[in-house]
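For reference, structure12.tsv (TSV, C-alpha atoms):
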```tsv
chain	number	residue	atom	x	y	z
A	1	MET	CA	-62.75	60.16	-20.02
A	2	SER	CA	-59.39	61.03	-21.56
A	3	GLN	CA	-58.44	64.71	-21.52
A	4	TYR	CA	-55.75	64.16	-24.17
A	5	ARG	CA	-55.15	66.96	-26.68
A	6	SER	CA	-52.89	66.05	-29.58
A	7	PRO	CA	-50.02	68.55	-30.02
A	8	ASP	CA	-49.99	70.03	-33.53
A	9	TYR	CA	-47.79	73.12	-33.26
A	10	TYR	CA	-47.08	73.34	-37.00
A	11	LEU	CA	-50.69	72.64	-38.05
A	12	LEU	CA	-49.85	69.35	-39.74
A	13	ASP	CA	-53.51	68.35	-39.68
A	14	GLU	CA	-53.94	70.82	-42.53
A	15	LEU	CA	-51.65	68.66	-44.68
A	16	ILE	CA	-53.84	65.56	-44.47
A	17	SER	CA	-57.35	64.99	-45.72
A	18	GLU	CA	-60.54	64.46	-43.77
A	19	ASP	CA	-60.39	60.72	-44.47
A	20	TYR	CA	-57.16	60.40	-42.48
A	21	LEU	CA	-58.56	62.47	-39.62
A	22	LEU	CA	-61.58	60.16	-39.47
A	23	ILE	CA	-59.28	57.13	-39.29
A	24	ARG	CA	-57.28	58.78	-36.52
A	25	ASP	CA	-60.39	59.76	-34.59
A	26	SER	CA	-61.84	56.24	-34.74
A	27	VAL	CA	-58.63	54.72	-33.35
A	28	ARG	CA	-58.30	57.54	-30.81
A	29	GLN	CA	-61.82	56.97	-29.54
A	30	TRP	CA	-61.18	53.24	-29.19
A	31	VAL	CA	-57.93	53.89	-27.30
A	32	ASN	CA	-59.71	56.36	-25.01
A	33	THR	CA	-62.72	54.16	-24.24
A	34	GLN	CA	-61.42	50.58	-24.47
A	35	LEU	CA	-57.65	50.63	-23.86
A	36	LEU	CA	-56.85	53.43	-21.42
A	37	PRO	CA	-59.35	52.36	-18.73
A	38	ILE	CA	-57.66	48.95	-18.37
A	39	ILE	CA	-54.04	49.28	-19.52
A	40	GLU	CA	-52.48	50.33	-16.20
A	41	ASP	CA	-54.01	47.35	-14.43
A	42	TYR	CA	-52.82	44.89	-17.09
A	43	ALA	CA	-49.34	46.42	-17.09
A	44	GLN	CA	-49.14	46.14	-13.30
A	45	ARG	CA	-50.22	42.48	-13.54
A	46	ALA	CA	-47.90	41.80	-16.50
A	47	GLU	CA	-50.79	40.36	-18.50
A	48	PHE	CA	-51.82	40.88	-22.12
A	49	PRO	CA	-55.47	41.97	-22.55
A	50	ARG	CA	-56.48	39.43	-25.19
A	51	GLN	CA	-60.10	40.59	-25.14
A	52	LEU	CA	-58.99	43.65	-27.15
A	53	LEU	CA	-58.05	41.62	-30.23
A	54	PRO	CA	-61.50	41.30	-31.89
A	55	ASN	CA	-62.12	45.05	-31.79
A	56	MET	CA	-58.59	45.75	-33.03
A	57	ALA	CA	-59.38	43.55	-36.02
A	58	ARG	CA	-62.70	45.31	-36.61
A	59	LEU	CA	-60.90	48.68	-36.61
A	60	GLY	CA	-58.62	47.41	-39.39
A	61	LEU	CA	-55.50	47.57	-37.22
A	62	PHE	CA	-54.20	44.23	-38.49
A	63	GLY	CA	-52.56	44.63	-41.88
A	64	PRO	CA	-54.27	47.88	-42.90
A	65	THR	CA	-52.09	48.23	-46.03
A	66	VAL	CA	-52.91	44.72	-47.29
A	67	PRO	CA	-55.33	44.87	-50.27
A	68	GLU	CA	-59.02	44.29	-49.61
A	69	GLU	CA	-59.06	41.14	-51.76
A	70	TYR	CA	-56.94	39.47	-49.08
A	71	GLY	CA	-58.96	40.83	-46.16
A	72	GLY	CA	-56.96	43.98	-45.47
A	73	ALA	CA	-58.23	47.55	-45.48
A	74	GLY	CA	-56.25	48.61	-48.57
A	75	LEU	CA	-55.04	51.79	-46.87
A	76	ASP	CA	-51.82	53.68	-47.58
A	77	TYR	CA	-48.81	54.20	-45.34
A	78	LEU	CA	-49.90	57.57	-43.99
A	79	ALA	CA	-53.05	55.96	-42.64
A	80	TYR	CA	-51.01	53.10	-41.21
A	81	GLY	CA	-48.64	55.51	-39.47
A	82	ILE	CA	-51.47	57.52	-37.96
A	83	MET	CA	-53.05	54.33	-36.63
A	84	MET	CA	-49.81	53.18	-35.01
A	85	GLN	CA	-49.29	56.62	-33.46
A	86	GLU	CA	-52.67	56.50	-31.77
A	87	LEU	CA	-52.17	52.90	-30.62
A	88	GLU	CA	-48.82	53.65	-29.00
A	89	ARG	CA	-50.25	56.71	-27.31
A	90	GLY	CA	-52.22	54.04	-25.48
A	91	ASP	CA	-49.40	51.54	-24.98
A	92	SER	CA	-46.29	50.38	-26.85
A	93	GLY	CA	-47.11	46.74	-26.19
A	94	ILE	CA	-50.53	46.97	-27.81
A	95	ARG	CA	-49.00	48.74	-30.81
A	96	SER	CA	-46.38	45.98	-30.95
A	97	THR	CA	-49.11	43.37	-31.24
A	98	ALA	CA	-50.61	45.20	-34.23
A	99	SER	CA	-47.19	45.86	-35.79
A	100	VAL	CA	-46.19	42.21	-35.57
A	101	GLN	CA	-49.48	41.04	-37.05
A	102	GLY	CA	-49.40	43.48	-39.96
A	103	SER	CA	-45.76	44.18	-40.76
A	104	LEU	CA	-44.05	40.97	-39.69
A	105	VAL	CA	-46.65	38.28	-40.36
A	106	MET	CA	-49.12	39.51	-42.98
A	107	TYR	CA	-46.58	41.50	-44.99
A	108	PRO	CA	-44.19	38.59	-45.70
A	109	ILE	CA	-47.09	36.33	-46.64
A	110	TYR	CA	-48.45	39.01	-48.97
A	111	ALA	CA	-45.04	39.96	-50.42
A	112	TYR	CA	-43.42	36.52	-50.65
A	113	GLY	CA	-46.14	33.93	-50.19
A	114	SER	CA	-47.83	31.76	-52.79
A	115	GLU	CA	-51.34	32.62	-53.89
A	116	GLU	CA	-52.62	29.68	-51.87
A	117	GLN	CA	-50.82	30.94	-48.75
A	118	LYS	CA	-52.24	34.43	-49.23
A	119	ARG	CA	-55.81	33.17	-49.64
A	120	ASN	CA	-55.51	30.76	-46.74
A	121	TYR	CA	-53.90	32.98	-44.11
A	122	LEU	CA	-54.32	36.69	-44.83
A	123	PRO	CA	-58.11	37.07	-44.40
A	124	LYS	CA	-57.99	35.15	-41.10
A	125	LEU	CA	-55.07	37.23	-39.86
A	126	ALA	CA	-56.79	40.48	-40.84
A	127	GLY	CA	-59.95	39.41	-39.06
A	128	GLY	CA	-58.14	38.29	-35.92
A	129	GLN	CA	-59.23	34.64	-36.29
A	130	LEU	CA	-55.52	33.85	-36.46
A	131	MET	CA	-52.76	35.68	-34.61
A	132	GLY	CA	-49.13	35.50	-35.66
A	133	CYS	CA	-45.57	36.14	-34.56
A	134	PHE	CA	-42.21	36.64	-36.29
A	135	GLY	CA	-39.18	34.50	-35.54
A	136	LEU	CA	-35.83	36.04	-36.43
A	137	THR	CA	-33.85	36.95	-33.28
A	138	GLU	CA	-31.95	34.13	-31.58
A	139	PRO	CA	-30.30	33.96	-28.13
A	140	ASP	CA	-26.85	34.55	-29.63
A	141	HIS	CA	-27.82	36.46	-32.79
A	142	GLY	CA	-29.64	39.76	-32.28
A	143	SER	CA	-28.03	42.59	-34.23
A	144	ASN	CA	-26.40	40.01	-36.52
A	145	PRO	CA	-29.38	37.87	-37.60
A	146	ALA	CA	-27.46	36.47	-40.57
A	147	GLY	CA	-25.51	34.36	-38.08
A	148	MET	CA	-28.67	32.45	-37.14
A	149	LEU	CA	-28.37	28.76	-36.28
A	150	THR	CA	-32.01	27.73	-36.79
A	151	ASN	CA	-32.16	25.52	-39.87
A	152	PHE	CA	-34.20	22.94	-41.76
A	153	LYS	CA	-33.32	19.78	-43.64
A	154	ASP	CA	-35.11	18.12	-46.54
A	155	ASP	CA	-37.45	15.25	-45.68
A	156	GLY	CA	-39.53	14.35	-48.72
A	157	ASP	CA	-42.74	16.41	-48.81
A	158	HIS	CA	-41.67	18.08	-45.56
A	159	VAL	CA	-38.66	19.78	-44.03
A	160	VAL	CA	-37.39	19.17	-40.51
A	161	LEU	CA	-36.89	22.39	-38.55
A	162	ASN	CA	-34.54	22.74	-35.56
A	163	GLY	CA	-33.44	25.73	-33.49
A	164	SER	CA	-34.88	28.48	-31.31
A	165	LYS	CA	-35.88	32.13	-31.39
A	166	MET	CA	-36.02	34.58	-28.51
A	167	TRP	CA	-37.77	37.85	-27.51
A	168	ILE	CA	-40.75	37.10	-29.75
A	169	SER	CA	-43.80	39.35	-29.30
A	170	ASN	CA	-47.15	37.49	-29.48
A	171	ALA	CA	-45.38	34.11	-29.24
A	172	PRO	CA	-47.32	32.78	-26.22
A	173	PHE	CA	-50.69	33.03	-27.98
A	174	ALA	CA	-49.77	33.03	-31.69
A	175	ASP	CA	-51.50	30.52	-33.96
A	176	ILE	CA	-48.76	30.76	-36.60
A	177	ALA	CA	-45.15	31.89	-36.70
A	178	ILE	CA	-43.23	33.29	-39.65
A	179	VAL	CA	-39.87	31.65	-38.98
A	180	TRP	CA	-36.63	32.55	-40.75
A	181	ALA	CA	-34.18	29.68	-40.93
A	182	LYS	CA	-31.30	28.44	-43.06
A	183	ASN	CA	-32.19	25.95	-45.77
A	184	PRO	CA	-29.99	22.95	-46.73
A	185	ASP	CA	-27.90	25.30	-48.89
A	186	GLY	CA	-27.28	27.64	-45.95
A	187	LYS	CA	-29.55	30.39	-47.33
A	188	VAL	CA	-32.24	32.07	-45.24
A	189	GLN	CA	-35.86	31.25	-46.06
A	190	GLY	CA	-39.18	31.88	-44.37
A	191	LEU	CA	-41.59	29.18	-43.23
A	192	ILE	CA	-45.11	29.29	-41.84
A	193	VAL	CA	-45.10	27.15	-38.70
A	194	GLU	CA	-48.47	26.37	-37.11
A	195	ARG	CA	-49.20	25.84	-33.44
A	196	GLY	CA	-49.85	22.19	-32.83
A	197	MET	CA	-47.05	20.94	-35.06
A	198	GLU	CA	-45.21	18.29	-33.04
A	199	GLY	CA	-41.99	19.59	-31.49
A	200	PHE	CA	-43.02	23.29	-31.67
A	201	SER	CA	-43.37	25.11	-28.33
A	202	THR	CA	-43.63	28.75	-27.21
A	203	PRO	CA	-42.50	29.22	-23.58
A	204	GLU	CA	-43.43	32.64	-22.20
A	205	THR	CA	-40.86	35.19	-21.02
A	206	HIS	CA	-41.56	36.44	-17.50
A	207	ASN	CA	-40.10	39.03	-15.11
A	208	LYS	CA	-40.04	41.88	-17.64
A	209	TRP	CA	-39.84	45.48	-16.44
A	210	SER	CA	-40.84	46.69	-19.91
A	211	LEU	CA	-43.75	45.92	-22.29
A	212	ARG	CA	-45.49	44.32	-19.34
A	213	ALA	CA	-48.89	44.34	-21.08
A	214	SER	CA	-47.40	42.57	-24.10
A	215	ALA	CA	-46.95	38.81	-24.39
A	216	THR	CA	-43.34	37.83	-25.10
A	217	GLY	CA	-41.87	34.38	-25.49
A	218	GLU	CA	-39.53	31.99	-27.23
A	219	LEU	CA	-40.03	29.75	-30.25
A	220	VAL	CA	-38.48	26.30	-29.85
A	221	PHE	CA	-38.25	23.84	-32.74
A	222	ASP	CA	-37.34	20.23	-31.93
A	223	ASN	CA	-37.43	18.25	-35.16
A	224	VAL	CA	-40.60	19.99	-36.32
A	225	ARG	CA	-41.87	18.54	-39.59
A	226	VAL	CA	-43.19	21.40	-41.74
A	227	PRO	CA	-44.86	20.78	-45.11
A	228	LYS	CA	-42.88	22.22	-48.00
A	229	SER	CA	-46.07	24.03	-49.02
A	230	HIS	CA	-45.48	26.23	-45.93
A	231	ILE	CA	-42.20	27.64	-47.25
A	232	LEU	CA	-42.50	31.22	-48.55
A	233	PRO	CA	-41.47	30.81	-52.20
A	234	GLY	CA	-40.91	34.46	-53.13
A	235	VAL	CA	-37.62	35.30	-51.45
A	236	THR	CA	-34.31	33.75	-50.39
A	237	GLY	CA	-31.66	35.44	-48.26
A	238	MET	CA	-31.69	38.20	-45.66
A	239	ARG	CA	-33.61	40.54	-47.97
A	240	GLY	CA	-36.79	38.77	-46.84
A	241	PRO	CA	-36.68	39.36	-43.09
A	242	LEU	CA	-34.99	42.76	-43.43
A	243	SER	CA	-37.78	44.02	-45.70
A	244	CYS	CA	-40.27	42.99	-43.02
A	245	LEU	CA	-38.28	44.87	-40.40
A	246	ASN	CA	-38.41	47.98	-42.57
A	247	GLN	CA	-42.21	47.77	-42.49
A	248	ALA	CA	-42.20	47.41	-38.71
A	249	ARG	CA	-39.63	50.17	-38.19
A	250	TYR	CA	-41.79	52.54	-40.20
A	251	GLY	CA	-44.71	51.89	-37.85
A	252	ILE	CA	-42.48	52.34	-34.81
A	253	ALA	CA	-41.31	55.73	-36.11
A	254	TRP	CA	-44.92	56.89	-35.91
A	255	GLY	CA	-45.82	54.92	-32.81
A	256	ALA	CA	-43.04	56.17	-30.56
A	257	LEU	CA	-44.15	59.73	-31.26
A	258	GLY	CA	-47.57	58.77	-29.94
A	259	ALA	CA	-46.01	57.79	-26.62
A	260	ALA	CA	-44.03	61.04	-26.59
A	261	MET	CA	-47.15	63.08	-27.30
A	262	ASP	CA	-49.01	61.42	-24.44
A	263	CYS	CA	-46.15	62.15	-22.04
A	264	TYR	CA	-45.96	65.77	-23.15
A	265	ASP	CA	-49.70	66.32	-22.88
A	266	THR	CA	-49.77	64.73	-19.42
A	267	ALA	CA	-46.87	66.90	-18.23
A	268	LEU	CA	-48.41	70.08	-19.66
A	269	ARG	CA	-51.75	69.52	-17.94
A	270	TYR	CA	-50.07	68.59	-14.66
A	271	ALA	CA	-47.78	71.65	-14.75
A	272	ARG	CA	-50.77	73.95	-15.22
A	273	GLU	CA	-52.59	72.42	-12.25
A	274	ARG	CA	-49.79	71.69	-9.77
A	275	GLU	CA	-48.96	74.67	-7.53
A	276	GLN	CA	-45.74	75.32	-5.63
A	277	PHE	CA	-44.46	78.57	-4.14
A	278	GLY	CA	-47.85	80.17	-4.72
A	279	LYS	CA	-48.33	79.53	-8.45
A	280	PRO	CA	-48.66	76.73	-11.03
A	281	ILE	CA	-45.28	75.14	-11.75
A	282	ALA	CA	-45.91	75.85	-15.43
A	283	GLY	CA	-45.02	79.43	-14.57
A	284	PHE	CA	-41.42	78.57	-13.67
A	285	GLN	CA	-38.69	78.92	-16.25
A	286	LEU	CA	-37.18	75.44	-15.90
A	287	GLN	CA	-40.57	73.77	-16.37
A	288	GLN	CA	-41.31	75.92	-19.42
A	289	LYS	CA	-37.91	74.95	-20.81
A	290	LYS	CA	-38.76	71.26	-20.45
A	291	LEU	CA	-42.19	71.67	-22.05
A	292	ALA	CA	-40.94	73.84	-24.91
A	293	GLU	CA	-38.15	71.40	-25.74
A	294	MET	CA	-40.54	68.44	-25.60
A	295	LEU	CA	-42.89	70.12	-28.07
A	296	THR	CA	-40.02	71.10	-30.34
A	297	GLU	CA	-38.79	67.49	-30.58
A	298	ILE	CA	-42.31	66.19	-31.15
A	299	THR	CA	-42.86	68.73	-33.94
A	300	LYS	CA	-39.57	67.81	-35.63
A	301	GLY	CA	-40.51	64.14	-35.39
A	302	GLN	CA	-43.97	64.78	-36.82
A	303	LEU	CA	-42.49	66.51	-39.85
A	304	LEU	CA	-40.00	63.68	-40.34
A	305	VAL	CA	-42.57	60.87	-40.31
A	306	TRP	CA	-45.06	62.83	-42.42
A	307	ARG	CA	-42.43	63.24	-45.14
A	308	LEU	CA	-41.42	59.59	-44.74
A	309	ALA	CA	-45.05	58.55	-45.27
A	310	THR	CA	-45.14	60.53	-48.51
A	311	LEU	CA	-41.96	58.83	-49.73
A	312	LYS	CA	-43.26	55.41	-48.66
A	313	ASN	CA	-46.50	55.90	-50.56
A	314	GLU	CA	-44.45	56.83	-53.63
A	315	GLY	CA	-42.24	53.77	-53.24
A	316	ARG	CA	-39.18	55.95	-52.68
A	317	ALA	CA	-38.50	55.55	-48.94
A	318	THR	CA	-35.12	53.89	-48.43
A	319	PRO	CA	-34.25	51.53	-45.56
A	320	ALA	CA	-31.74	54.11	-44.32
A	321	GLN	CA	-34.42	56.82	-44.23
A	322	ILE	CA	-36.68	54.51	-42.23
A	323	SER	CA	-33.80	53.77	-39.84
A	324	MET	CA	-33.22	57.46	-39.25
A	325	ALA	CA	-36.89	58.04	-38.44
A	326	LYS	CA	-37.14	55.03	-36.12
A	327	ARG	CA	-34.02	56.02	-34.19
A	328	ASN	CA	-35.02	59.68	-33.95
A	329	SER	CA	-38.58	59.04	-32.83
A	330	VAL	CA	-37.65	56.55	-30.13
A	331	ALA	CA	-34.69	58.54	-28.79
A	332	SER	CA	-36.83	61.69	-28.65
A	333	ALA	CA	-39.70	59.83	-27.00
A	334	LEU	CA	-37.42	58.38	-24.32
A	335	HIS	CA	-35.98	61.81	-23.52
A	336	ILE	CA	-39.45	63.34	-23.42
A	337	ALA	CA	-40.73	60.59	-21.11
A	338	ARG	CA	-37.85	61.18	-18.69
A	339	GLU	CA	-38.34	64.95	-18.71
A	340	ALA	CA	-42.12	64.57	-18.28
A	341	ARG	CA	-41.52	62.27	-15.30
A	342	GLN	CA	-39.47	65.03	-13.67
A	343	VAL	CA	-42.25	67.55	-14.24
A	344	LEU	CA	-44.61	65.27	-12.32
A	345	GLY	CA	-42.10	64.65	-9.56
A	346	ALA	CA	-42.94	61.62	-7.42
A	347	MET	CA	-46.38	61.31	-9.01
A	348	GLY	CA	-44.64	60.47	-12.26
A	349	ILE	CA	-43.67	57.01	-11.03
A	350	THR	CA	-47.20	55.97	-10.10
A	351	GLY	CA	-49.76	54.13	-12.18
A	352	GLU	CA	-52.10	57.07	-11.78
A	353	TYR	CA	-50.25	58.61	-14.72
A	354	PRO	CA	-48.94	56.86	-17.88
A	355	ILE	CA	-45.44	58.32	-17.99
A	356	MET	CA	-43.44	55.64	-16.17
A	357	ARG	CA	-45.19	52.90	-18.17
A	358	HIS	CA	-44.33	54.68	-21.42
A	359	MET	CA	-40.74	55.17	-20.27
A	360	MET	CA	-40.27	51.49	-19.42
A	361	ASN	CA	-41.89	50.41	-22.67
A	362	LEU	CA	-39.66	52.68	-24.72
A	363	GLU	CA	-36.59	51.03	-23.20
A	364	SER	CA	-37.60	47.99	-25.25
A	365	VAL	CA	-38.65	49.94	-28.32
A	366	VAL	CA	-35.20	51.59	-28.48
A	367	THR	CA	-33.70	48.10	-28.73
A	368	TYR	CA	-36.04	46.02	-30.87
A	369	GLU	CA	-36.27	46.15	-34.67
A	370	GLY	CA	-32.68	47.42	-34.67
A	371	THR	CA	-30.97	49.09	-31.71
A	372	HIS	CA	-30.29	52.82	-31.46
A	373	ASP	CA	-26.60	52.24	-32.27
A	374	ILE	CA	-27.28	49.90	-35.20
A	375	HIS	CA	-29.56	52.49	-36.80
A	376	LEU	CA	-26.84	55.10	-36.41
A	377	LEU	CA	-24.45	52.78	-38.26
A	378	ILE	CA	-27.03	52.20	-41.00
A	379	THR	CA	-27.19	55.97	-41.51
A	380	GLY	CA	-23.41	56.23	-41.32
A	381	MET	CA	-22.93	53.54	-43.96
A	382	ASP	CA	-25.50	55.20	-46.20
A	383	ILE	CA	-23.81	58.61	-46.13
A	384	THR	CA	-20.18	57.41	-46.25
A	385	GLY	CA	-20.47	54.24	-48.30
A	386	ILE	CA	-18.32	52.43	-45.74
A	387	ASN	CA	-19.62	49.46	-43.73
A	388	ALA	CA	-18.72	49.92	-40.04
A	389	PHE	CA	-20.49	46.76	-38.83
A	390	SER	CA	-17.38	44.62	-39.09
```
Kindly transcribe the structure held in the file into structure tokens.
Amino acid sequence: MSQYRSPDYYLLDELISEDYLLIRDSVRQWVNTQLLPIIEDYAQRAEFPRQLLPNMARLGLFGPTVPEEYGGAGLDYLAYGIMMQELERGDSGIRSTASVQGSLVMYPIYAYGSEEQKRNYLPKLAGGQLMGCFGLTEPDHGSNPAGMLTNFKDDGDHVVLNGSKMWISNAPFADIAIVWAKNPDGKVQGLIVERGMEGFSTPETHNKWSLRASATGELVFDNVRVPKSHILPGVTGMRGPLSCLNQARYGIAWGALGAAMDCYDTALRYAREREQFGKPIAGFQLQQKKLAEMLTEITKGQLLVWRLATLKNEGRATPAQISMAKRNSVASALHIAREARQVLGAMGITGEYPIMRHMMNLESVVTYEGTHDIHLLITGMDITGINAFS
């Protein structure tokens, strides 16, 4: 049974209602009883625990902000953030699966899809009958997705799609992919590509040191004929995929704090129990310094994402604000994981404790959905008005 105690040094639980605490407790209980007992083994084996998907759907973890008429839970962004925080306390890869499904697959269909697309796909995605992935990053176009080479040509009632995408979470088992490609006019559009379409393959990425319990792969399109009815009609240009990334980055800002909180709590309990030189190591100044600084950074991050949730619910959160929160949460979580590993000494590298797994996972989280440096430049451009990307 998990001994986890959520750090709440500034009593932030008092700022949210009982309904949110119930949502958090339901996800926390599931993480404690269903995820934590198996996650170390799956991470060691580099295998995704697919048996978790039905219960994740039942908990409303797939597209919780999507309205109920389309199969979602109709929750707000504070609830969504809390759910992602609890999931990533368990494992970043499992949170990634939920983030991709909700923010990168269901959101673009809801925001930019036709009514027929919404009715056809969203309820099945929310219920876990269909799983999805998001195809934007290419082998030579990561931080500059506008340079993508994947494209489609007109072919009567269909288009013919060619190209490839890389580092795609959920790709190996996804039933559908939201693929961003350049249309015949050279403008970016989204398409819903279904598994089984001739010429579409999803080779799995192996030999990862990070997100080992998450399935990662490529998307390869070799003259794939896609019905024109599968094109998302509501958006053209980079605004489409970037708006999806904002949704995902928001969830990451909350999720990474969950990993940090788990590392801190683990280190605190270990420091109280581990004795050296005749007393618990928690009684030594350098260990107290580490723990106090960890808690300070967590508390600052909690205040940041709580305020961001309020702005998001009001429709006032800017992409730059979301970038700041994502960068801060992940950078803080990485530092906390490294400090917590030192508190545990050699035990910190073993699978008996979650810290090294969190640390390795966060090395991916600091890169995907916009790297640490790119998010700094987004903030810099916002405050100076000068684009430093080129």
List the neighbours of Gly240 of chain A out to 8 Å using all atoms listed in the file; skip same-chain residues closer than 4 positions along the sequence, and give me the result as a short mmCIF file (atom, residue, chain, number, x, y, z; two decimals) with C-alpha atoms, in the coordinates of the input.
```
data_model
loop_
_atom_site.label_atom_id
_atom_site.label_comp_id
_atom_site.auth_asym_id
_atom_site.auth_seq_id
_atom_site.Cartn_x
_atom_site.Cartn_y
_atom_site.Cartn_z
CA PRO A 108 -44.19 38.59 -45.70
CA TYR A 112 -43.42 36.52 -50.65
CA GLN A 189 -35.86 31.25 -46.06
CA GLY A 190 -39.18 31.88 -44.37
CA VAL A 235 -37.62 35.30 -51.45
CA THR A 236 -34.31 33.75 -50.39
CA CYS A 244 -40.27 42.99 -43.02
#
```
Inset, instruction - Can you work out which one of A:Gly199, A:Gly60, A:Gly251, A:Gly74 has the shortest atom-to-atom distance to Leu308 of chain A, counting only C-alpha atoms? - result: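 For Leu308 of chain A, the nearest of the given residues is A:Gly251.
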Legend entry - Long-range neighbours of Ile383 of chain A as a PyMOL selection string, 12 Å cut-off, only C-alpha atoms, 4 positions minimum in chain: chain A and resi 320-321+324+376-379+387-388
Sort by chain and increasing residue number a table of all residues of segment 35-131 of chain A within 12 Å of segment 335-357 of chain A, each with its closest pair of atoms and their distance in Å to one decimal, counting only C-alpha atoms, and write it as CSV.
```
residue,atom,partner,partner_atom,distance
A:Leu36,CA,A:Pro354,CA,9.3
A:Pro37,CA,A:Glu352,CA,11.1
A:Ile38,CA,A:Gly351,CA,11.3
A:Ile39,CA,A:Pro354,CA,9.3
A:Glu40,CA,A:Gly351,CA,6.2
A:Asp41,CA,A:Gly351,CA,8.3
A:Tyr42,CA,A:Gly351,CA,10.9
A:Ala43,CA,A:Arg357,CA,7.8
A:Gln44,CA,A:Gly351,CA,8.1
A:Arg45,CA,A:Gly351,CA,11.7
A:Ala46,CA,A:Arg357,CA,11.5
A:Glu88,CA,A:Arg357,CA,11.4
A:Arg89,CA,A:Pro354,CA,9.5
A:Gly90,CA,A:Pro354,CA,8.7
A:Asp91,CA,A:Arg357,CA,8.1
A:Ser92,CA,A:Arg357,CA,9.1
A:Gly93,CA,A:Arg357,CA,10.3
```
Inset, instruction - Measure the distance from atom CA of Gln117 of chain A to atom CA of Leu75 of chain A in Å and round it to one decimal. - result: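 So the two atoms, atom CA of Gln117 of chain A and atom CA of Leu75 of chain A, lie 21.4 Å apart.
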Legend entry - Close residues, segment 160-176 of chain A itself excluded, 8 Å, all atoms listed in the file, min 6 positions apart in chain, as a ChimeraX atom specification: /A:96-97,100,130-139,149-154,192-195,202-205,214-226
Inset, instruction - Have a look at A:Asn207, A:Thr299, A:Ser364, A:Asn55 and name the one nearest to Gln129 of chain A; count all atoms listed in the file. - result: A:Asn55
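With distances restricted to all atoms listed in the file, A:Pro64 is the closest residue to Asp76 of chain A from A:Pro64, A:Glu363, A:Thr371, A:Tyr121.
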Using all atoms listed in the file, what table do you get, as a tab-separated table, when you list each residue of segment 64-88 of chain A with an atom no more than 10 Å from segment 255-270 of chain A, its nearest pair of atoms, and their distance in Å rounded to one decimal, rows by chain then rising number?
```
residue	atom	partner	partner_atom	distance
A:Gly81	CA	A:Gly255	CA	7.3
A:Ile82	CA	A:Gly255	CA	8.1
A:Met83	CA	A:Gly255	CA	8.2
A:Met84	CA	A:Gly255	CA	4.9
A:Gln85	CA	A:Gly255	CA	3.9
A:Glu86	CA	A:Gly258	CA	5.9
A:Leu87	CA	A:Gly255	CA	7.0
A:Glu88	CA	A:Gly255	CA	5.0
```
Preceding selection exported with C-alpha atoms as a PDB file, in the frame of the given file:
```pdb
ATOM      1  CA  GLY A  81     -48.640  55.510 -39.470  1.00  0.00           C
ATOM      2  CA  ILE A  82     -51.470  57.520 -37.960  1.00  0.00           C
ATOM      3  CA  MET A  83     -53.050  54.330 -36.630  1.00  0.00           C
ATOM      4  CA  MET A  84     -49.810  53.180 -35.010  1.00  0.00           C
ATOM      5  CA  GLN A  85     -49.290  56.620 -33.460  1.00  0.00           C
ATOM      6  CA  GLU A  86     -52.670  56.500 -31.770  1.00  0.00           C
ATOM      7  CA  LEU A  87     -52.170  52.900 -30.620  1.00  0.00           C
ATOM      8  CA  GLU A  88     -48.820  53.650 -29.000  1.00  0.00           C
TER       9      GLU A  88
END
```
